[in-house]
Amino acid sequence: MTVTLTEKAEFRLRAFLVGSAPDSNVATKGVRISVKDGGCSGYEYGMEIISKPQPDDLVIQQGKVQLYVDAQSAPLLEGVVIDFVDGVMDSGFKFTNPNATDTCGCGKSFKTGDCTPNGVPCS
């Protein structure tokens, strides 16, 4: 399983992790990444700060950030690169997904061809 954070994305996620709950154990905190049905293209990305992974999550260390990838979403996230863009008109996390056959204008949702809701990659 390969999910890559750019340097900017890692920096921003570390800041979120440290700022999310200063009194809790930051060492076990991580960012859970998933794909859900929805958005204007069919699937949408999900990111959340969590204290510990779900039992079936895949755990990936990216620099100083723990990524917890939803196991069901993993085939749709294989090879994804997550960046952080900071611009006048658009700021936030940007996903570059080699599995996507189409994306919407906002960049928050994608399509992968003839897909099922079970997170199965499409050919």
# chains A, B, ... in the order shown; residues from 1 in each chain; ligands from 1

$ residues_around --residues "Leu17 of chain A" --least-positions-apart "4" --cutoff "7 Å" --atoms "only C-alpha atoms" --output "ChimeraX atom specification"
/A:13,26,29-30,49

$ closest_atom_pairs --of "segment 44-77 of chain A" --to "segment 86-101 of chain A" --cutoff "10 Å" --atoms "only C-alpha atoms" --output "CSV"
residue,atom,partner,partner_atom,distance
A:Tyr45,CA,A:Phe95,CA,8.3
A:Met47,CA,A:Phe93,CA,9.6
A:Pro75,CA,A:Asn99,CA,8.7
A:Leu76,CA,A:Asn99,CA,6.4
A:Leu77,CA,A:Asn97,CA,6.9

$ closest_residue --among "A:Val80, A:Val85, A:Ile50, A:Val69" --to "Phe11 of chain A" --atoms "only C-alpha atoms"
A:Val85

$ residues_around --residues "Ala9 of chain A" --least-positions-apart "6" --cutoff "8 Å" --atoms "only C-alpha atoms" --output "PyMOL selection string"
chain A and resi 82-84+93

$ atom_distance --atom1 "atom CA of Val35 of chain A" --atom2 "atom CA of Lys52 of chain A"
18.4 Å

$ closest_residue --among "A:Phe16, A:Gln62, A:Thr112, A:Leu67" --to "Val31 of chain A" --atoms "only C-alpha atoms"
A:Leu67

$ atom_distance --atom1 "atom CA of Pro55 of chain A" --atom2 "atom CA of Thr6 of chain A"
26.6 Å

$ atom_distance --atom1 "atom CA of Thr28 of chain A" --atom2 "atom CA of Val81 of chain A"
22.8 Å

$ select_by_dssp --residues "segment 17-66 of chain A" --states "helix (DSSP H, G or I)" --output "list in words"
Leu17, Val18, Gly19, Ser20, Val26, Ala27 and Thr28 of chain A

$ decode --residues "segment 57-71 of chain A" --atoms "all heavy atoms" --output "PDB file, in the first residue's frame"
ATOM      1  N   ASP A  57      -7.549  -1.135   9.816  1.00  0.00           N
ATOM      2  CA  ASP A  57      -6.843  -0.067   9.098  1.00  0.00           C
ATOM      3  C   ASP A  57      -5.408  -0.471   8.773  1.00  0.00           C
ATOM      4  O   ASP A  57      -4.755  -1.168   9.560  1.00  0.00           O
ATOM      5  CB  ASP A  57      -6.790   1.224   9.930  1.00  0.00           C
ATOM      6  CG  ASP A  57      -8.093   1.996   9.911  1.00  0.00           C
ATOM      7  OD1 ASP A  57      -9.002   1.642   9.135  1.00  0.00           O
ATOM      8  OD2 ASP A  57      -8.201   2.962  10.686  1.00  0.00           O
ATOM      9  N   LEU A  58      -4.927  -0.006   7.640  1.00  0.00           N
ATOM     10  CA  LEU A  58      -3.522  -0.172   7.278  1.00  0.00           C
ATOM     11  C   LEU A  58      -2.767   1.011   7.868  1.00  0.00           C
ATOM     12  O   LEU A  58      -3.205   2.155   7.738  1.00  0.00           O
ATOM     13  CB  LEU A  58      -3.364  -0.193   5.761  1.00  0.00           C
ATOM     14  CG  LEU A  58      -4.201  -1.246   5.027  1.00  0.00           C
ATOM     15  CD1 LEU A  58      -4.141  -1.015   3.535  1.00  0.00           C
ATOM     16  CD2 LEU A  58      -3.744  -2.631   5.389  1.00  0.00           C
ATOM     17  N   VAL A  59      -1.653   0.752   8.522  1.00  0.00           N
ATOM     18  CA  VAL A  59      -0.882   1.806   9.175  1.00  0.00           C
ATOM     19  C   VAL A  59       0.348   2.111   8.327  1.00  0.00           C
ATOM     20  O   VAL A  59       1.136   1.222   8.016  1.00  0.00           O
ATOM     21  CB  VAL A  59      -0.469   1.389  10.601  1.00  0.00           C
ATOM     22  CG1 VAL A  59       0.359   2.485  11.262  1.00  0.00           C
ATOM     23  CG2 VAL A  59      -1.703   1.051  11.432  1.00  0.00           C
ATOM     24  N   ILE A  60       0.487   3.376   7.956  1.00  0.00           N
ATOM     25  CA  ILE A  60       1.612   3.825   7.128  1.00  0.00           C
ATOM     26  C   ILE A  60       2.268   5.007   7.830  1.00  0.00           C
ATOM     27  O   ILE A  60       1.600   5.959   8.206  1.00  0.00           O
ATOM     28  CB  ILE A  60       1.129   4.263   5.728  1.00  0.00           C
ATOM     29  CG1 ILE A  60       0.421   3.116   5.020  1.00  0.00           C
ATOM     30  CG2 ILE A  60       2.290   4.790   4.904  1.00  0.00           C
ATOM     31  CD1 ILE A  60      -0.286   3.541   3.753  1.00  0.00           C
ATOM     32  N   GLN A  61       3.575   4.946   7.983  1.00  0.00           N
ATOM     33  CA  GLN A  61       4.332   6.058   8.560  1.00  0.00           C
ATOM     34  C   GLN A  61       4.862   6.916   7.427  1.00  0.00           C
ATOM     35  O   GLN A  61       5.565   6.431   6.544  1.00  0.00           O
ATOM     36  CB  GLN A  61       5.494   5.516   9.398  1.00  0.00           C
ATOM     37  CG  GLN A  61       6.312   6.579  10.086  1.00  0.00           C
ATOM     38  CD  GLN A  61       5.583   7.190  11.281  1.00  0.00           C
ATOM     39  OE1 GLN A  61       4.862   6.511  11.987  1.00  0.00           O
ATOM     40  NE2 GLN A  61       5.789   8.465  11.493  1.00  0.00           N
ATOM     41  N   GLN A  62       4.509   8.203   7.426  1.00  0.00           N
ATOM     42  CA  GLN A  62       5.006   9.162   6.446  1.00  0.00           C
ATOM     43  C   GLN A  62       5.723  10.265   7.198  1.00  0.00           C
ATOM     44  O   GLN A  62       5.081  11.154   7.768  1.00  0.00           O
ATOM     45  CB  GLN A  62       3.849   9.746   5.647  1.00  0.00           C
ATOM     46  CG  GLN A  62       3.339   8.860   4.561  1.00  0.00           C
ATOM     47  CD  GLN A  62       4.282   8.845   3.374  1.00  0.00           C
ATOM     48  OE1 GLN A  62       4.536   9.856   2.734  1.00  0.00           O
ATOM     49  NE2 GLN A  62       4.826   7.679   3.094  1.00  0.00           N
ATOM     50  N   GLY A  63       7.039  10.175   7.257  1.00  0.00           N
ATOM     51  CA  GLY A  63       7.800  11.141   8.039  1.00  0.00           C
ATOM     52  C   GLY A  63       7.408  11.015   9.493  1.00  0.00           C
ATOM     53  O   GLY A  63       7.538   9.952  10.085  1.00  0.00           O
ATOM     54  N   LYS A  64       6.865  12.096  10.070  1.00  0.00           N
ATOM     55  CA  LYS A  64       6.444  12.081  11.472  1.00  0.00           C
ATOM     56  C   LYS A  64       4.933  11.944  11.623  1.00  0.00           C
ATOM     57  O   LYS A  64       4.395  12.215  12.690  1.00  0.00           O
ATOM     58  CB  LYS A  64       6.921  13.353  12.165  1.00  0.00           C
ATOM     59  CG  LYS A  64       8.428  13.457  12.235  1.00  0.00           C
ATOM     60  CD  LYS A  64       8.853  14.709  12.946  1.00  0.00           C
ATOM     61  CE  LYS A  64      10.373  14.795  13.007  1.00  0.00           C
ATOM     62  NZ  LYS A  64      10.816  16.007  13.690  1.00  0.00           N
ATOM     63  N   VAL A  65       4.254  11.535  10.560  1.00  0.00           N
ATOM     64  CA  VAL A  65       2.801  11.408  10.596  1.00  0.00           C
ATOM     65  C   VAL A  65       2.400   9.953  10.391  1.00  0.00           C
ATOM     66  O   VAL A  65       2.867   9.303   9.456  1.00  0.00           O
ATOM     67  CB  VAL A  65       2.143  12.291   9.505  1.00  0.00           C
ATOM     68  CG1 VAL A  65       0.643  12.073   9.440  1.00  0.00           C
ATOM     69  CG2 VAL A  65       2.463  13.755   9.745  1.00  0.00           C
ATOM     70  N   GLN A  66       1.522   9.473  11.282  1.00  0.00           N
ATOM     71  CA  GLN A  66       0.940   8.151  11.117  1.00  0.00           C
ATOM     72  C   GLN A  66      -0.307   8.295  10.257  1.00  0.00           C
ATOM     73  O   GLN A  66      -1.188   9.104  10.560  1.00  0.00           O
ATOM     74  CB  GLN A  66       0.507   7.567  12.480  1.00  0.00           C
ATOM     75  CG  GLN A  66       1.630   7.102  13.326  1.00  0.00           C
ATOM     76  CD  GLN A  66       2.076   5.677  12.982  1.00  0.00           C
ATOM     77  OE1 GLN A  66       1.567   5.023  12.085  1.00  0.00           O
ATOM     78  NE2 GLN A  66       3.047   5.209  13.707  1.00  0.00           N
ATOM     79  N   LEU A  67      -0.384   7.524   9.179  1.00  0.00           N
ATOM     80  CA  LEU A  67      -1.576   7.487   8.353  1.00  0.00           C
ATOM     81  C   LEU A  67      -2.290   6.172   8.609  1.00  0.00           C
ATOM     82  O   LEU A  67      -1.659   5.116   8.626  1.00  0.00           O
ATOM     83  CB  LEU A  67      -1.223   7.592   6.871  1.00  0.00           C
ATOM     84  CG  LEU A  67      -0.553   8.874   6.405  1.00  0.00           C
ATOM     85  CD1 LEU A  67      -0.221   8.774   4.924  1.00  0.00           C
ATOM     86  CD2 LEU A  67      -1.435  10.073   6.683  1.00  0.00           C
ATOM     87  N   TYR A  68      -3.574   6.247   8.837  1.00  0.00           N
ATOM     88  CA  TYR A  68      -4.403   5.062   9.007  1.00  0.00           C
ATOM     89  C   TYR A  68      -5.337   5.011   7.805  1.00  0.00           C
ATOM     90  O   TYR A  68      -6.206   5.861   7.639  1.00  0.00           O
ATOM     91  CB  TYR A  68      -5.200   5.139  10.303  1.00  0.00           C
ATOM     92  CG  TYR A  68      -4.341   5.347  11.537  1.00  0.00           C
ATOM     93  CD1 TYR A  68      -4.651   6.326  12.459  1.00  0.00           C
ATOM     94  CD2 TYR A  68      -3.221   4.558  11.773  1.00  0.00           C
ATOM     95  CE1 TYR A  68      -3.874   6.515  13.597  1.00  0.00           C
ATOM     96  CE2 TYR A  68      -2.438   4.738  12.893  1.00  0.00           C
ATOM     97  CZ  TYR A  68      -2.768   5.720  13.802  1.00  0.00           C
ATOM     98  OH  TYR A  68      -1.997   5.910  14.925  1.00  0.00           O
ATOM     99  N   VAL A  69      -5.131   4.023   6.943  1.00  0.00           N
ATOM    100  CA  VAL A  69      -5.905   3.918   5.716  1.00  0.00           C
ATOM    101  C   VAL A  69      -7.002   2.875   5.907  1.00  0.00           C
ATOM    102  O   VAL A  69      -6.724   1.734   6.258  1.00  0.00           O
ATOM    103  CB  VAL A  69      -5.006   3.532   4.519  1.00  0.00           C
ATOM    104  CG1 VAL A  69      -5.825   3.402   3.244  1.00  0.00           C
ATOM    105  CG2 VAL A  69      -3.893   4.565   4.329  1.00  0.00           C
ATOM    106  N   ASP A  70      -8.240   3.308   5.681  1.00  0.00           N
ATOM    107  CA  ASP A  70      -9.376   2.407   5.743  1.00  0.00           C
ATOM    108  C   ASP A  70      -9.133   1.246   4.780  1.00  0.00           C
ATOM    109  O   ASP A  70      -8.852   1.456   3.602  1.00  0.00           O
ATOM    110  CB  ASP A  70     -10.640   3.190   5.361  1.00  0.00           C
ATOM    111  CG  ASP A  70     -11.835   2.307   5.170  1.00  0.00           C
ATOM    112  OD1 ASP A  70     -12.186   1.569   6.110  1.00  0.00           O
ATOM    113  OD2 ASP A  70     -12.430   2.348   4.067  1.00  0.00           O
ATOM    114  N   ALA A  71      -9.199   0.017   5.296  1.00  0.00           N
ATOM    115  CA  ALA A  71      -8.874  -1.166   4.495  1.00  0.00           C
ATOM    116  C   ALA A  71      -9.774  -1.302   3.268  1.00  0.00           C
ATOM    117  O   ALA A  71      -9.317  -1.692   2.194  1.00  0.00           O
ATOM    118  CB  ALA A  71      -8.963  -2.420   5.359  1.00  0.00           C
TER     119      ALA A  71
END
